[in-house]
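Visitor: Pasting a structure here, questions to come.
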Amino acid sequence: MRSSAIKGLANNFQNHPDTLNILKNATNDGSFNGKCTALTQLASNFKDNADTLKILKESAIRDEDIDTRQYAIQLLGRYFKDEPQMWDFLSNCTKNDPFVRRWESDSNPRETALRAILQQYPNHPQNLTLLRELAENDPDEKLREFAQKAIYRIENITPMRS
């Protein structure tokens, strides 16, 4: 219910002076769905507002909920890929998110950030260095394996011949 109200507010009252502040406050909602809906609406409807990028970055690195951090990282990769220093921010997330796998099915925000980097910046000159660092040193076995596979794919791609 809360998510529907947040989405309806953002879509129907985007130009109302209180909408932005209500969405900002909703990013601190106690429910995952409420927070993520507010973050999505900020990213899609208020991308040009200076606070939106800041709020998404804060959620990506400081939210206590793993899934919320991961969702904020996905939104940053999708909506703010052209933002200066976004590769650096996502790289920082791959190295410093405090994720600890409790269950096999847990999703790792560090892996989400790495996937965003590889998707949005496939030719970034520091990708291989980052991948090697994660493949060797990340405490999460699944992320180490993902990084190793990504290294293999990158190093074994042969250019097409004309």
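In the structure tokens, each chain is lettered A, B, ... as it comes, each chain's residues begin at 1, and ligands are numbered from 1 in order of appearance.
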For A:Leu114, please output as a list in words all residues within 7 Å (counting only C-alpha atoms; exclusion window: fewer than 4 positions along the same chain).

Guide: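 Residues near the query, excluding close chain neighbours: Thr94, Arg110 and Leu118 of chain A.
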
Visitor: Pick out the residues sitting within 12 Å of A:Arg101, and hand them over as a list in words; count only C-alpha atoms, and ignore anything fewer than 5 positions along from it in its own chain.

Guide: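 These residues fall inside the cut-off: Ile66, Asp106, Ser107, Asn108, Pro109, Arg110, Glu111, Asp138, Pro139, Asp140, Glu141, Lys142 and Leu143 of chain A.
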
Visitor: Take the residues that were just selected and, keeping N, CA and C atoms, output them as a CSV table (one decimal), in the first residue's frame.

Guide:
```csv
chain,number,residue,atom,x,y,z
A,66,ILE,N,20.8,-4.8,3.5
A,66,ILE,CA,21.7,-5.3,2.3
A,66,ILE,C,20.9,-5.0,1.0
A,106,ASP,N,21.9,-15.3,-0.4
A,106,ASP,CA,22.1,-13.9,-0.1
A,106,ASP,C,22.7,-13.3,-1.4
A,107,SER,N,22.3,-12.1,-1.7
A,107,SER,CA,22.8,-11.3,-2.8
A,107,SER,C,23.9,-10.3,-2.2
A,108,ASN,N,25.0,-10.2,-2.9
A,108,ASN,CA,26.1,-9.4,-2.4
A,108,ASN,C,26.1,-8.0,-3.1
A,109,PRO,N,25.9,-6.9,-2.3
A,109,PRO,CA,26.0,-5.6,-2.9
A,109,PRO,C,27.3,-5.3,-3.6
A,110,ARG,N,28.4,-5.9,-3.2
A,110,ARG,CA,29.7,-5.7,-3.9
A,110,ARG,C,29.6,-6.3,-5.3
A,111,GLU,N,29.0,-7.5,-5.4
A,111,GLU,CA,28.8,-8.1,-6.7
A,111,GLU,C,27.9,-7.2,-7.6
A,138,ASP,N,38.8,-10.7,-2.1
A,138,ASP,CA,37.4,-10.5,-1.6
A,138,ASP,C,37.1,-11.6,-0.6
A,139,PRO,N,36.5,-11.3,0.6
A,139,PRO,CA,36.2,-12.4,1.5
A,139,PRO,C,35.1,-13.3,1.1
A,140,ASP,N,34.3,-12.9,0.1
A,140,ASP,CA,33.1,-13.7,-0.3
A,140,ASP,C,33.5,-14.6,-1.5
A,141,GLU,N,33.4,-15.9,-1.3
A,141,GLU,CA,33.9,-16.9,-2.3
A,141,GLU,C,33.1,-16.7,-3.6
A,142,LYS,N,31.8,-16.4,-3.5
A,142,LYS,CA,31.0,-16.3,-4.8
A,142,LYS,C,31.5,-15.1,-5.6
A,143,LEU,N,31.8,-14.0,-4.9
A,143,LEU,CA,32.3,-12.8,-5.6
A,143,LEU,C,33.7,-13.1,-6.2
```

Visitor: Of the candidates A:Asn45, A:Asn127, A:Lys24, A:Lys149, which one gets nearest to A:Glu58 if we count only C-alpha atoms?

Guide: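 Checking each candidate against A:Glu58, we get A:Lys24 as the closest.
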
Visitor: Go ahead and compute the interatomic distance for atom CA of A:Leu130 and atom CA of A:Glu155, in Å to one decimal.

Guide: 14.0 Å

Visitor: Calculate how many Å separate atom CA of A:Asn156 from atom CA of A:Ala113, rounding to one decimal.

Guide: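 Computed distance, atom CA of A:Asn156 to atom CA of A:Ala113, equals 22.9 Å.
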
Visitor: I want to know what sits within 12 Å of A:Gly8, based on only C-alpha atoms, with residues of the same chain fewer than 6 positions away left out; could you give that as JSON, numbers by chain?

Guide: {"A": [1, 2, 14, 19, 23, 37, 38, 41, 45]}

Visitor: What is the atom CA of A:Trp87-atom CA of A:Tyr121 distance in Å, reported with one decimal?

Guide: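 According to the coordinates, atom CA of A:Trp87 and atom CA of A:Tyr121 are separated by 7.5 Å.
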
Visitor: Between A:Leu53, A:Val100, A:Ala135, A:Ala147, single out the one closest to A:Arg115, counting only C-alpha atoms.

Guide: A:Ala147

Visitor: Of the candidates A:Gly30, A:Pro98, A:Pro84, A:Gly77, which one gets nearest to A:Gln120 if we count only C-alpha atoms?

Guide: A:Gly77

Visitor: Write out as a PyMOL selection string which residues come within 10 Å of A:Ser4 when counting only C-alpha atoms, dropping same-chain ones fewer than 5 positions away.

Guide: chain A and resi 9-10+33-34+37

Visitor: With distances taken over only C-alpha atoms, which of A:Ile117, A:Ala60, A:Ile157, A:Ile73 is nearest to A:Ser91?

Guide: A:Ile117

Visitor: Nearest to A:Asn49 among A:Leu75, A:Ile61, A:Leu128, A:Leu20, with distances taken over only C-alpha atoms: which residue is it?

Guide: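 Of all the options, A:Leu20 lies closest to A:Asn49.
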
Visitor: From the DSSP assignment of the backbone, select every residue of chain A that is helix (DSSP H, G or I), and format the answer as number ranges by chain.

Guide: A: 2-12, 19-26, 32-45, 50-62, 66-79, 86-96, 109-120, 127-137, 141-155
